[in-house]
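Novice: Sharing query-v1.pdb, PDB, C-alpha atoms:
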ATOM      1  CA  MET A 280     -10.924  15.030  36.204
ATOM      2  CA  ILE A 281      -9.995  12.839  33.229
ATOM      3  CA  ASP A 282      -6.328  12.517  32.249
ATOM      4  CA  ALA A 283      -6.113  11.511  28.599
ATOM      5  CA  LYS A 284      -2.562  10.271  29.147
ATOM      6  CA  SER A 285      -3.495   7.820  31.913
ATOM      7  CA  ASP A 286      -4.420   4.176  31.438
ATOM      8  CA  TYR A 287      -6.646   4.334  34.535
ATOM      9  CA  VAL A 288      -9.742   6.156  35.734
ATOM     10  CA  VAL A 289     -10.520   6.233  39.462
ATOM     11  CA  VAL A 290     -14.227   6.155  40.331
ATOM     12  CA  GLU A 291     -15.846   6.526  43.758
ATOM     13  CA  ALA A 292     -18.686   4.061  43.331
ATOM     14  CA  ASP A 293     -22.051   4.661  45.029
ATOM     15  CA  GLU A 294     -24.095   1.767  46.368
ATOM     16  CA  TYR A 295     -27.257   3.899  46.548
ATOM     17  CA  ASP A 296     -29.901   2.492  44.189
ATOM     18  CA  ARG A 297     -27.375  -0.224  43.228
ATOM     19  CA  SER A 298     -25.821   2.130  40.679
ATOM     20  CA  PHE A 299     -22.333   0.696  41.323
ATOM     21  CA  LEU A 300     -23.421  -2.553  39.688
ATOM     22  CA  GLN A 301     -23.222  -0.790  36.327
ATOM     23  CA  LEU A 302     -19.426  -0.810  36.637
ATOM     24  CA  GLU A 303     -17.040  -3.553  35.498
ATOM     25  CA  PRO A 304     -13.850  -2.590  37.335
ATOM     26  CA  TYR A 305     -10.322  -3.709  36.693
ATOM     27  CA  ILE A 306      -9.520  -3.115  40.375
ATOM     28  CA  SER A 307     -12.211  -3.137  43.072
ATOM     29  CA  VAL A 308     -11.679  -1.591  46.501
ATOM     30  CA  VAL A 309     -14.259  -2.100  49.253
ATOM     31  CA  THR A 310     -13.560  -0.007  52.342
ATOM     32  CA  SER A 311     -16.543  -0.876  54.526
ATOM     33  CA  LEU A 312     -19.935  -2.553  54.693
ATOM     34  CA  ALA A 313     -21.803  -0.096  56.890
ATOM     35  CA  GLU A 314     -25.527  -0.680  57.226
ATOM     36  CA  ASP A 315     -27.087   2.120  55.196
ATOM     37  CA  HIS A 316     -29.592   2.934  52.424
ATOM     38  CA  LEU A 317     -32.115   0.568  53.974
ATOM     39  CA  ASP A 318     -34.829   2.480  52.130
ATOM     40  CA  ILE A 319     -33.365   0.833  49.016
ATOM     41  CA  TYR A 320     -32.101  -2.522  50.307
ATOM     42  CA  GLY A 321     -34.532  -3.303  53.084
ATOM     43  CA  ASN A 322     -31.960  -5.147  55.210
ATOM     44  CA  ILE A 323     -28.218  -5.664  55.637
ATOM     45  CA  GLU A 324     -28.323  -9.046  53.873
ATOM     46  CA  ASN A 325     -29.493  -7.451  50.619
ATOM     47  CA  LEU A 326     -26.859  -4.733  50.963
ATOM     48  CA  GLU A 327     -24.090  -7.300  51.458
ATOM     49  CA  ARG A 328     -25.368  -9.291  48.480
ATOM     50  CA  SER A 329     -25.088  -6.242  46.239
ATOM     51  CA  PHE A 330     -21.529  -5.564  47.394
ATOM     52  CA  SER A 331     -20.686  -9.202  46.683
ATOM     53  CA  ASP A 332     -22.171  -8.806  43.192
ATOM     54  CA  PHE A 333     -20.024  -5.707  42.688
ATOM     55  CA  VAL A 334     -16.825  -7.558  43.611
ATOM     56  CA  LEU A 335     -17.773 -10.452  41.306
ATOM     57  CA  LYS A 336     -17.933  -7.999  38.402
ATOM     58  CA  THR A 337     -14.177  -7.364  38.738
ATOM     59  CA  ARG A 338     -12.281  -8.471  35.648
ATOM     60  CA  ASN A 339     -10.501 -11.819  35.935
ATOM     61  CA  GLU A 340      -7.100 -10.248  35.235
ATOM     62  CA  GLY A 341      -7.689  -7.524  37.822
ATOM     63  CA  LEU A 342      -7.442  -7.158  41.606
ATOM     64  CA  VAL A 343      -9.774  -6.990  44.590
ATOM     65  CA  ILE A 344      -8.663  -4.923  47.611
ATOM     66  CA  LEU A 345     -10.720  -5.464  50.790
ATOM     67  CA  ASN A 346     -10.647  -3.975  54.263
ATOM     68  CA  LYS A 347      -9.607  -6.813  56.572
ATOM     69  CA  ASP A 348     -12.642  -6.207  58.801
ATOM     70  CA  ILE A 349     -14.994  -7.303  56.006
ATOM     71  CA  ILE A 350     -12.906  -9.709  53.925
ATOM     72  CA  SER A 351     -14.783 -12.737  55.315
ATOM     73  CA  LYS A 352     -17.956 -11.438  53.610
ATOM     74  CA  PHE A 353     -16.584 -11.972  50.110
ATOM     75  CA  GLU A 354     -15.627 -14.818  47.832
ATOM     76  CA  THR A 355     -13.821 -14.176  44.559
ATOM     77  CA  SER A 356     -11.603 -16.038  42.130
ATOM     78  CA  VAL A 357      -9.775 -12.796  41.280
ATOM     79  CA  GLN A 358      -6.426 -12.059  42.972
ATOM     80  CA  SER A 359      -7.337 -10.333  46.250
ATOM     81  CA  TYR A 360      -5.532  -8.550  49.089
ATOM     82  CA  SER A 361      -6.520  -7.323  52.537
ATOM     83  CA  TYR A 362      -5.542  -4.011  54.114
ATOM     84  CA  SER A 363      -5.812  -2.538  57.607
ATOM     85  CA  ILE A 364      -4.536   0.051  60.069
ATOM     86  CA  SER A 365      -5.572  -1.840  63.196
ATOM     87  CA  GLU A 366      -3.872  -5.202  62.621
ATOM     88  CA  GLU A 367      -1.572  -7.082  60.310
ATOM     89  CA  ALA A 368      -2.908  -7.733  56.800
ATOM     90  CA  ASP A 369      -1.439  -8.117  53.318
ATOM     91  CA  PHE A 370      -0.981  -4.329  53.359
ATOM     92  CA  TYR A 371      -1.180  -2.342  56.573
ATOM     93  CA  ALA A 372       0.006   0.710  58.499
ATOM     94  CA  SER A 373       1.895   0.604  61.775
ATOM     95  CA  ASN A 374       3.645   3.068  64.066
ATOM     96  CA  ILE A 375       0.992   5.708  63.338
ATOM     97  CA  ARG A 376       1.733   9.031  65.001
ATOM     98  CA  VAL A 377       0.875  12.716  64.729
ATOM     99  CA  SER A 378       3.387  15.556  64.672
ATOM    100  CA  LYS A 379       2.562  19.203  63.967
ATOM    101  CA  GLY A 380      -0.773  18.317  62.419
ATOM    102  CA  LYS A 381       0.641  15.677  60.065
ATOM    103  CA  TYR A 382       0.308  11.897  60.214
ATOM    104  CA  TYR A 383       3.287   9.566  59.878
ATOM    105  CA  PHE A 384       3.215   5.791  59.539
ATOM    106  CA  ASP A 385       5.081   2.776  58.212
ATOM    107  CA  PHE A 386       3.489   1.112  55.181
ATOM    108  CA  HIS A 387       3.839  -2.685  55.174
ATOM    109  CA  THR A 388       3.588  -4.667  51.939
ATOM    110  CA  PRO A 389       4.196  -8.390  51.350
ATOM    111  CA  GLU A 390       7.549  -7.510  49.802
ATOM    112  CA  LYS A 391       8.880  -4.604  51.878
ATOM    113  CA  VAL A 392       8.204  -1.926  54.484
ATOM    114  CA  ILE A 393       8.215   1.730  53.466
ATOM    115  CA  TYR A 394       9.031   3.668  56.609
ATOM    116  CA  ASP A 395       7.914   7.126  57.703
ATOM    117  CA  MET A 396       5.227   7.863  55.151
ATOM    118  CA  GLN A 397       3.969  11.432  55.629
ATOM    119  CA  MET A 398       0.371  12.527  55.125
ATOM    120  CA  SER A 399      -0.678  16.169  55.460
ATOM    121  CA  TYR A 400      -4.378  15.397  55.070
ATOM    122  CA  PRO A 401      -5.698  14.844  58.617
ATOM    123  CA  GLY A 402      -7.889  12.120  60.074
ATOM    124  CA  LEU A 403      -7.142   8.611  61.283
ATOM    125  CA  HIS A 404      -9.860   7.252  58.987
ATOM    126  CA  ASN A 405      -8.032   8.938  56.119
ATOM    127  CA  VAL A 406      -4.864   7.049  57.048
ATOM    128  CA  GLU A 407      -6.890   3.882  56.483
ATOM    129  CA  ASN A 408      -8.096   5.229  53.137
ATOM    130  CA  ALA A 409      -4.502   6.111  52.271
ATOM    131  CA  VAL A 410      -3.422   2.518  52.927
ATOM    132  CA  ALA A 411      -6.062   1.321  50.455
ATOM    133  CA  ALA A 412      -4.914   3.833  47.825
ATOM    134  CA  LEU A 413      -1.250   2.980  48.406
ATOM    135  CA  THR A 414      -2.091  -0.705  48.025
ATOM    136  CA  VAL A 415      -3.610  -0.115  44.596
ATOM    137  CA  ALA A 416      -0.722   2.075  43.481
ATOM    138  CA  PHE A 417       1.918  -0.353  44.786
ATOM    139  CA  ARG A 418       0.307  -3.280  42.978
ATOM    140  CA  LEU A 419       0.241  -1.199  39.773
ATOM    141  CA  GLY A 420       3.996  -0.760  40.029
ATOM    142  CA  VAL A 421       4.255   2.790  41.382
ATOM    143  CA  ASP A 422       7.690   3.195  42.989
ATOM    144  CA  GLU A 423       8.439   4.304  46.553
ATOM    145  CA  PHE A 424       9.467   7.845  45.594
ATOM    146  CA  GLU A 425       6.206   8.447  43.743
ATOM    147  CA  LEU A 426       4.167   6.948  46.587
ATOM    148  CA  ARG A 427       5.812   9.258  49.117
ATOM    149  CA  SER A 428       5.458  12.320  46.901
ATOM    150  CA  ALA A 429       1.797  11.689  46.080
ATOM    151  CA  LEU A 430       0.792  11.019  49.686
ATOM    152  CA  SER A 431       2.610  14.003  51.179
ATOM    153  CA  SER A 432       1.264  16.430  48.557
ATOM    154  CA  PHE A 433      -2.372  15.273  48.655
ATOM    155  CA  GLN A 434      -4.508  18.137  49.962
ATOM    156  CA  GLY A 435      -7.780  16.276  50.315
ATOM    157  CA  MET A 436     -11.250  16.661  48.833
ATOM    158  CA  LYS A 437     -14.003  19.181  49.293
ATOM    159  CA  ARG A 438     -16.175  18.446  52.341
ATOM    160  CA  ARG A 439     -13.962  15.567  53.485
ATOM    161  CA  PHE A 440     -12.353  16.667  56.755
ATOM    162  CA  GLU A 441     -11.844  20.042  55.107
ATOM    163  CA  LEU A 442     -10.204  22.813  57.140
ATOM    164  CA  LYS A 443     -12.291  25.941  56.510
ATOM    165  CA  ALA A 444     -10.939  28.475  59.008
ATOM    166  CA  LYS A 445      -8.229  28.760  61.612
ATOM    167  CA  THR A 446      -7.919  31.762  63.887
ATOM    168  CA  GLU A 447      -6.426  32.327  67.309
ATOM    169  CA  ARG A 448      -9.881  31.682  68.781
ATOM    170  CA  THR A 449     -11.427  28.940  66.601
ATOM    171  CA  ILE A 450     -10.508  26.068  64.289
ATOM    172  CA  TYR A 451     -13.265  25.073  61.871
ATOM    173  CA  TYR A 452     -13.624  21.853  59.843
ATOM    174  CA  ASP A 453     -16.395  20.740  57.518
ATOM    175  CA  ASP A 454     -17.188  17.108  56.696
ATOM    176  CA  TYR A 455     -19.731  15.253  54.541
ATOM    177  CA  ALA A 456     -20.252  12.621  57.272
ATOM    178  CA  HIS A 457     -23.925  11.621  57.415
ATOM    179  CA  HIS A 458     -23.794   8.052  58.785
ATOM    180  CA  PRO A 459     -23.070   7.331  62.488
ATOM    181  CA  GLN A 460     -19.908   5.395  61.620
ATOM    182  CA  GLU A 461     -18.586   8.345  59.603
ATOM    183  CA  ILE A 462     -19.470  10.806  62.360
ATOM    184  CA  GLU A 463     -17.593   8.702  64.915
ATOM    185  CA  ALA A 464     -14.543   8.576  62.638
ATOM    186  CA  THR A 465     -14.528  12.343  62.098
ATOM    187  CA  ILE A 466     -14.922  13.245  65.766
ATOM    188  CA  THR A 467     -12.336  10.654  66.849
ATOM    189  CA  SER A 468      -9.866  12.102  64.347
ATOM    190  CA  LEU A 469     -10.477  15.607  65.670
ATOM    191  CA  ARG A 470      -9.853  14.359  69.225
ATOM    192  CA  ASN A 471      -6.649  12.752  68.018
ATOM    193  CA  LEU A 472      -5.434  16.002  66.462
ATOM    194  CA  TYR A 473      -6.676  18.381  69.169
ATOM    195  CA  PRO A 474      -6.907  16.409  72.451
ATOM    196  CA  ASP A 475      -7.184  19.517  74.635
ATOM    197  CA  LYS A 476      -9.870  21.404  72.738
ATOM    198  CA  ARG A 477     -13.618  21.461  73.312
ATOM    199  CA  ILE A 478     -15.431  20.288  70.171
ATOM    200  CA  CYS A 479     -18.702  21.798  69.008
ATOM    201  CA  GLY A 480     -20.499  19.955  66.225
ATOM    202  CA  VAL A 481     -23.335  21.102  63.968
ATOM    203  CA  PHE A 482     -25.150  18.149  62.398
ATOM    204  CA  GLN A 483     -27.873  18.150  59.772
ATOM    205  CA  PRO A 484     -29.482  14.669  59.618
ATOM    206  CA  HIS A 485     -30.000  13.375  56.075
ATOM    207  CA  LEU A 486     -33.212  11.456  55.321
ATOM    208  CA  TYR A 487     -36.060  10.691  57.709
ATOM    209  CA  SER A 488     -35.612   6.944  57.215
ATOM    210  CA  ARG A 489     -31.894   7.002  58.043
ATOM    211  CA  THR A 490     -32.556   9.116  61.138
ATOM    212  CA  ARG A 491     -35.258   6.660  62.244
ATOM    213  CA  ASP A 492     -33.236   3.507  61.513
ATOM    214  CA  PHE A 493     -30.058   4.674  63.259
ATOM    215  CA  ALA A 494     -31.413   7.080  65.879
ATOM    216  CA  ASP A 495     -29.702   5.385  68.828
ATOM    217  CA  TRP A 496     -26.419   5.046  66.933
ATOM    218  CA  PHE A 497     -26.581   8.698  65.856
ATOM    219  CA  ALA A 498     -27.103   9.698  69.484
ATOM    220  CA  GLU A 499     -24.099   7.642  70.628
ATOM    221  CA  SER A 500     -21.832   9.076  67.945
ATOM    222  CA  LEU A 501     -22.896  12.666  68.591
ATOM    223  CA  GLU A 502     -22.300  12.220  72.315
ATOM    224  CA  LEU A 503     -18.584  12.191  71.441
ATOM    225  CA  LEU A 504     -18.925  15.958  70.972
ATOM    226  CA  ASP A 505     -18.778  18.468  73.835
ATOM    227  CA  ASP A 506     -21.491  20.667  72.331
ATOM    228  CA  VAL A 507     -24.124  19.260  69.958
ATOM    229  CA  ILE A 508     -26.182  21.440  67.606
ATOM    230  CA  LEU A 509     -28.850  19.796  65.455
ATOM    231  CA  LEU A 510     -30.456  21.349  62.380
ATOM    232  CA  PRO A 511     -33.769  20.107  60.952
ATOM    233  CA  ILE A 512     -33.641  16.889  58.928
ATOM    234  CA  TYR A 513     -32.811  17.325  55.243
ATOM    235  CA  PRO A 514     -35.531  15.283  53.500
ATOM    236  CA  ALA A 515     -33.871  14.804  50.087
ATOM    237  CA  ARG A 516     -36.147  12.369  48.247
ATOM    238  CA  GLU A 517     -38.405  11.520  51.212
ATOM    239  CA  GLU A 518     -41.660  12.671  52.710
ATOM    240  CA  PRO A 519     -41.753  13.276  56.502
ATOM    241  CA  ILE A 520     -42.213  10.267  58.791
ATOM    242  CA  ALA A 521     -44.424  10.723  61.810
ATOM    243  CA  GLY A 522     -42.457  11.057  65.033
ATOM    244  CA  VAL A 523     -39.082  11.356  63.286
ATOM    245  CA  SER A 524     -37.359  14.714  63.718
ATOM    246  CA  SER A 525     -34.182  16.323  64.956
ATOM    247  CA  LYS A 526     -35.935  17.032  68.252
ATOM    248  CA  MET A 527     -36.588  13.291  68.612
ATOM    249  CA  LEU A 528     -32.885  12.692  68.078
ATOM    250  CA  LEU A 529     -31.967  15.458  70.513
ATOM    251  CA  HIS A 530     -33.906  13.750  73.312
ATOM    252  CA  LYS A 531     -31.840  10.591  72.808
ATOM    253  CA  ILE A 532     -28.523  12.420  73.266
ATOM    254  CA  GLU A 533     -27.460  12.126  76.895
ATOM    255  CA  LYS A 534     -25.696  15.449  77.236
ATOM    256  CA  MET A 535     -26.572  18.787  78.802
ATOM    257  CA  ASP A 536     -24.898  20.917  76.138
ATOM    258  CA  LYS A 537     -27.211  20.222  73.214
ATOM    259  CA  TYR A 538     -29.345  22.421  71.000
ATOM    260  CA  CYS A 539     -31.876  22.048  68.186
ATOM    261  CA  VAL A 540     -32.165  25.170  66.043
ATOM    262  CA  ASN A 541     -33.308  26.353  62.640
ATOM    263  CA  LYS A 542     -30.755  27.615  60.145
ATOM    264  CA  ASP A 543     -31.501  31.268  60.899
ATOM    265  CA  GLN A 544     -30.790  30.631  64.596
ATOM    266  CA  LEU A 545     -27.431  28.948  64.007
ATOM    267  CA  MET A 546     -25.183  31.979  63.564
ATOM    268  CA  PRO A 547     -26.333  33.741  66.757
ATOM    269  CA  LEU A 548     -25.879  30.494  68.693
ATOM    270  CA  LEU A 549     -22.350  29.986  67.377
ATOM    271  CA  GLY A 550     -21.579  33.601  68.226
ATOM    272  CA  ALA A 551     -22.714  32.978  71.792
ATOM    273  CA  LEU A 552     -20.863  29.670  72.183
ATOM    274  CA  GLN A 553     -17.610  30.868  70.564
ATOM    275  CA  PRO A 554     -16.368  27.304  70.009
ATOM    276  CA  GLU A 555     -12.676  26.426  70.205
ATOM    277  CA  LEU A 556     -13.045  23.657  67.631
ATOM    278  CA  LEU A 557     -16.057  23.586  65.331
ATOM    279  CA  VAL A 558     -17.152  20.919  62.855
ATOM    280  CA  THR A 559     -20.153  20.913  60.538
ATOM    281  CA  LEU A 560     -21.477  17.497  59.513
ATOM    282  CA  GLY A 561     -24.049  16.321  57.011
ATOM    283  CA  ALA A 562     -24.872  15.517  53.385
ATOM    284  CA  GLY A 563     -27.836  17.840  52.849
ATOM    285  CA  ASP A 564     -27.714  21.561  52.122
ATOM    286  CA  ILE A 565     -25.614  22.337  55.194
ATOM    287  CA  ASP A 566     -22.827  23.009  52.695
ATOM    288  CA  LYS A 567     -24.527  26.350  51.931
ATOM    289  CA  LEU A 568     -23.801  27.449  55.507
ATOM    290  CA  VAL A 569     -20.101  26.563  55.439
ATOM    291  CA  GLU A 570     -18.738  29.709  53.817
ATOM    292  CA  PRO A 571     -20.951  32.071  55.880
ATOM    293  CA  ILE A 572     -19.791  30.323  59.067
ATOM    294  CA  ALA A 573     -16.145  30.560  58.026
ATOM    295  CA  LYS A 574     -16.584  34.242  57.144
ATOM    296  CA  MET A 575     -18.210  34.967  60.505
ATOM    297  CA  LEU A 576     -15.399  33.247  62.393
ATOM    298  CA  MET A 577     -12.733  35.128  60.470
ATOM    299  CA  GLU A 578     -14.475  38.467  60.994
ATOM    300  CA  ASP A 579     -14.837  37.854  64.728
ATOM    301  CA  GLU A 580     -11.091  37.355  65.069
TER     302      GLU A 580
END
Would you write the structure of this file as structure tokens?
Specialist:
Amino acid sequence: MIDAKSDYVVVEADEYDRSFLQLEPYISVVTSLAEDHLDIYGNIENLERSFSDFVLKTRNEGLVILNKDIISKFETSVQSYSYSISEEADFYASNIRVSKGKYYFDFHTPEKVIYDMQMSYPGLHNVENAVAALTVAFRLGVDEFELRSALSSFQGMKRRFELKAKTERTIYYDDYAHHPQEIEATITSLRNLYPDKRICGVFQPHLYSRTRDFADWFAESLELLDDVILLPIYPAREEPIAGVSSKMLLHKIEKMDKYCVNKDQLMPLLGALQPELLVTLGAGDIDKLVEPIAKMLMEDE
């Protein structure tokens, strides 16, 4: 959405195919440097080099905001700040807690601490994202009242830890997570919110090359679930790779409660499992199953 009255446009830049290097940002925010898109970059060194090139394209009068975990990877002459939720940084969150499904934390800046920030949008990884967004807004001069109001009223984005259904029997979330690091973050956040519930996850791997390159990491992240359901790999732009399949990934997952099914087998399986807490994960066409799943869960109530 473009606001004609605003001096700023917020863009979620995509490193795939190096398309983010077409931008010349006033403020750059880099949240992570996860090893990905190796079909494009070949290795992590080339990926890091492209991110460094992106940061160097920031305007001299602008700002660079970097996650503290990766700040050592960058050099820039532009004014830069670090942020974190796990340790002290230029901007960071502390005293993070959950109450009635909402997150609360104290937001530390170099000048002051803003206590008891409230965020209705769930997920510990989203608290970290909120710190990055708050950092940008604070440095642009947004006052404390506006920061509090914006954070507490933010309802999230489609397919980003999105609550799709909630009945007495089942709670259902959908998430775009398609990289092992993202899957870990989503499942960990669900555990944080619902520590006593059994989590069933439906994952559709995206790309044969990504599944091959991170097979062991995918298996480790999916083992955080209680029940694992795998759909066939979504090929996107790729041709099949010999020996790479969801069944290959299934064999790497060291759990008893695991399944590999086609899309037409998914609904009957979910009906049999009757999960307490369900999450669908993936960046392919799994989104077409989200509304039918939600409808089925609501009708079964």
Novice: Provide the CA of Thr449 in chain A to CA of Glu463 in chain A distance in Å, to one decimal place.
Specialist: 21.2 Å
Novice: As a check of understanding, name the residues that the PyMOL selection byres ((chain A and resi 346-355) around 12) selects in the supplied structure, as a PyMOL selection string.
Specialist: chain A and resi 307-313+323-324+326-339+341-345+356-371+407-412+414
Novice: Can you tell me how far CA of Asp505 in chain A sits from CA of Leu545 in chain A, in Å to one decimal?
Specialist: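 These atoms are spaced 16.8 Å apart.
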Novice: Name the residues in contact with Ser378 in chain A at a cut-off of 10 Å, using all atoms listed in the file, excluding same-chain residues fewer than 5 positions from it; report them as an mmCIF file with C-alpha atoms, in the frame of the given file.
Specialist:
data_model
loop_
_atom_site.group_PDB
_atom_site.id
_atom_site.type_symbol
_atom_site.label_atom_id
_atom_site.label_comp_id
_atom_site.auth_asym_id
_atom_site.auth_seq_id
_atom_site.Cartn_x
_atom_site.Cartn_y
_atom_site.Cartn_z
ATOM 1 C CA TYR A 383 3.287 9.566 59.878
ATOM 2 C CA GLN A 397 3.969 11.432 55.629
ATOM 3 C CA LEU A 472 -5.434 16.002 66.462
#
Novice: Name the residues captured by the PyMOL selection byres ((chain A and resi 542) around 9) when it is applied to the shown file; answer as a compact mmCIF listing (two decimals) with C-alpha atoms, in the frame of the given file.
Specialist:
# COMPACT_ATOMS: atom_id res chain seq x y z
CA LEU A 510 -30.46 21.35 62.38
CA PRO A 511 -33.77 20.11 60.95
CA VAL A 540 -32.16 25.17 66.04
CA ASN A 541 -33.31 26.35 62.64
CA ASP A 543 -31.50 31.27 60.90
CA GLN A 544 -30.79 30.63 64.60
CA LEU A 545 -27.43 28.95 64.01
CA MET A 546 -25.18 31.98 63.56
CA ILE A 565 -25.61 22.34 55.19
CA LEU A 568 -23.80 27.45 55.51
Novice: Residues within 10 Å of range 285-293 of chain A, please, as a PyMOL selection string. Count all atoms listed in the file; anything in the same chain fewer than 2 positions from it doesn't count.
Specialist: chain A and resi 280-283+295-302+304-309+333
Novice: To test your reading of the syntax: which residues would the PyMOL selection byres ((chain A and resi 435) around 12) return for the file shown? Reply as a list in words.
Specialist: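 Output of the PyMOL selection byres ((chain A and resi 435) around 12): Met398, Ser399, Tyr400, Pro401, Gly402, Asn405, Val406, Asn408, Ala409, Ala429, Leu430, Ser431, Ser432, Phe433, Gln434, Met436, Lys437, Arg438, Arg439, Phe440, Glu441, Leu442 and Asp454 of chain A.
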Novice: Skip range 534-537 of chain A itself and residues of its chain fewer than 5 positions away, then list as a PyMOL selection string all residues within 6 Å of it, counting all atoms listed in the file.
Specialist: chain A and resi 506-508
Novice: For CA of Phe497 in chain A and CA of Pro484 in chain A, quote the distance in Å rounded to one decimal.
Specialist: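 Spanning CA of Phe497 in chain A to CA of Pro484 in chain A is a straight-line distance of 9.1 Å.
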Novice: Given all atoms listed in the file as the basis, pick out the residue of A:Thr467, A:Thr559, A:Ser428, A:Ser525 nearest to Tyr538 in chain A.
Specialist: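 Of all the options, A:Ser525 lies closest to Tyr538 in chain A.
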Novice: Find, counting all atoms listed in the file, the residue in A:Glu314, A:Asp395, A:Asp385, A:Glu570 that gets nearest to Ala372 in chain A.
Specialist: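 Closest to Ala372 in chain A, using all atoms listed in the file: A:Asp385.
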Novice: Using all atoms listed in the file for the distances, tell me which of A:Ala494, A:Leu503, A:Val569, A:Ala515 is nearest to His530 in chain A.
Specialist: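 Ranking A:Ala494, A:Leu503, A:Val569, A:Ala515 by distance to His530 in chain A, first place goes to A:Ala494.
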Novice: Restricting the calculation to all atoms listed in the file, which member of A:Leu486, A:Gly480, A:Glu390, A:Ala444 is positioned closest to Arg418 in chain A?
Specialist: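 Looking at the shortest contact to Arg418 in chain A, the residue is A:Glu390.
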